[in-house]
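One structure is given below, encoded as structure tokens.
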Amino acid sequence: MSEVNQADICYVILLSPTNQDRRDMEIIRGHVKHLQELDRKGQLVLCGPFSDCPGGMVIVRADSREEAVLLAEKDPYVLSGIRSYEVRTWSLSHEGNRHLGIVPLQE
């Protein structure tokens with residue numbers, strides 16, 4: 001498998017309710033504002049709540065996993081303690097990178 005290009009890396013932030021979970025519109029608005037700022041900076045790829053279980057997911061572009069962790073820690077959901085988070089590094093597989101170098105070059 002070839003080395004993955006940084007342009008083919010995204011970070012998945014999984015948000016899960018904590019025992020402090022509550023519906024607080026001020027926190028929710030702050031969370032949405034945080035997402036809008038990520039979008040404005042071109043870092044937000046996709047986001048939304050899960051419909052089949054509690055919590056949600058935010059997919060971002062960042063220069064490193066450490067930066068993605070900092071983005072997660074700035075989210076008002078996390079700052080308020082109503083959500084915990086987990087960051088996962090996601091390597092994108094597509095035709096342009098030969099599915100992470102697995103598909104041989106066609107001549």
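Residue numbering restarts at 1 for every chain of the structure tokens, chains are lettered A, B, ... in their displayed order, and ligands are numbered from 1 as they appear.
Across chain A, DSSP run on the backbone finds strand (DSSP E or B) at Ile9, Cys10, Tyr11, Val12, Ile13, Leu14, Leu15, Ser16, Pro17, Leu44, Val45, Leu46, Cys47, Gly48, Pro49, Gly56, Met57, Val58, Ile59, Val60, Arg83, Ser84, Tyr85, Glu86, Val87, Arg88, Thr89, Trp90 and Ser91 of chain A.
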Spatial neighbours of A:Leu92, max dist 8 Å, only C-alpha atoms, sep filter under 6 positions, as a PyMOL selection string: chain A and resi 8-10+99-100
Kindly export the residues of the current selection with N, CA, C and O atoms, as a short mmCIF file (atom, residue, chain, number, x, y, z; two decimals), in the first residue's frame.
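The result, written out as again.cif:
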```
data_model
loop_
_atom_site.label_atom_id
_atom_site.label_comp_id
_atom_site.auth_asym_id
_atom_site.auth_seq_id
_atom_site.Cartn_x
_atom_site.Cartn_y
_atom_site.Cartn_z
N ASP A 8 -5.97 13.30 1.09
CA ASP A 8 -6.89 12.17 1.18
C ASP A 8 -7.16 11.75 2.63
O ASP A 8 -7.61 10.63 2.88
N ILE A 9 -6.88 12.65 3.56
CA ILE A 9 -7.12 12.38 4.98
C ILE A 9 -8.19 13.32 5.50
O ILE A 9 -8.15 14.52 5.27
N CYS A 10 -9.16 12.75 6.18
CA CYS A 10 -10.14 13.53 6.93
C CYS A 10 -10.12 12.99 8.36
O CYS A 10 -9.58 11.92 8.63
N HIS A 99 -7.41 3.66 -4.93
CA HIS A 99 -7.96 3.03 -3.73
C HIS A 99 -6.84 2.69 -2.74
O HIS A 99 -6.61 1.54 -2.40
N LEU A 100 -6.14 3.79 -2.35
CA LEU A 100 -5.04 3.73 -1.39
C LEU A 100 -3.88 2.87 -1.90
O LEU A 100 -3.17 2.24 -1.14
#
```
One-decimal distance in Å that lies between atom CA of A:Asp39 and atom CA of A:Glu73: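 Pair atom CA of A:Glu73 / atom CA of A:Asp39 returns 16.6 Å.
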Contacts of A:Asn97 within 10 Å, only C-alpha atoms, excl. fewer than 2 positions in-chain, as JSON, numbers by chain: {"A": [2, 3, 4, 5, 8, 92, 93, 94, 95, 99, 100, 101, 102, 103]}
Proximity to A:Met25 - best of A:Pro76, A:Leu46, A:Asp52, A:Ser64, only C-alpha atoms: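 Closest to A:Met25 of all the choices is A:Pro76.
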Pairwise distance for atom CA of A:Glu26 and atom CA of A:Val78, rounded to one decimal in Å: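 Computed distance, atom CA of A:Glu26 to atom CA of A:Val78, equals 13.5 Å.
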Å distance separating atom CA of A:His31 from atom CA of A:Gln6, one decimal place: 26.8 Å
Near-A:Gly48 list (9 Å; only C-alpha atoms; drop same-chain fewer than 4 positions) as a list of chain:residue names: A:Gly55, A:Gly56, A:Met57, A:Val58
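Between A:Arg22 and the residues A:Ile82, A:Gln106, A:Ser91, A:Gly96, the shortest atom-to-atom distance, using only C-alpha atoms, involves A:Ile82.
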Proximity to A:Tyr11 - best of A:Ile59, A:Cys53, A:Leu79, A:Leu105, only C-alpha atoms: A:Ile59
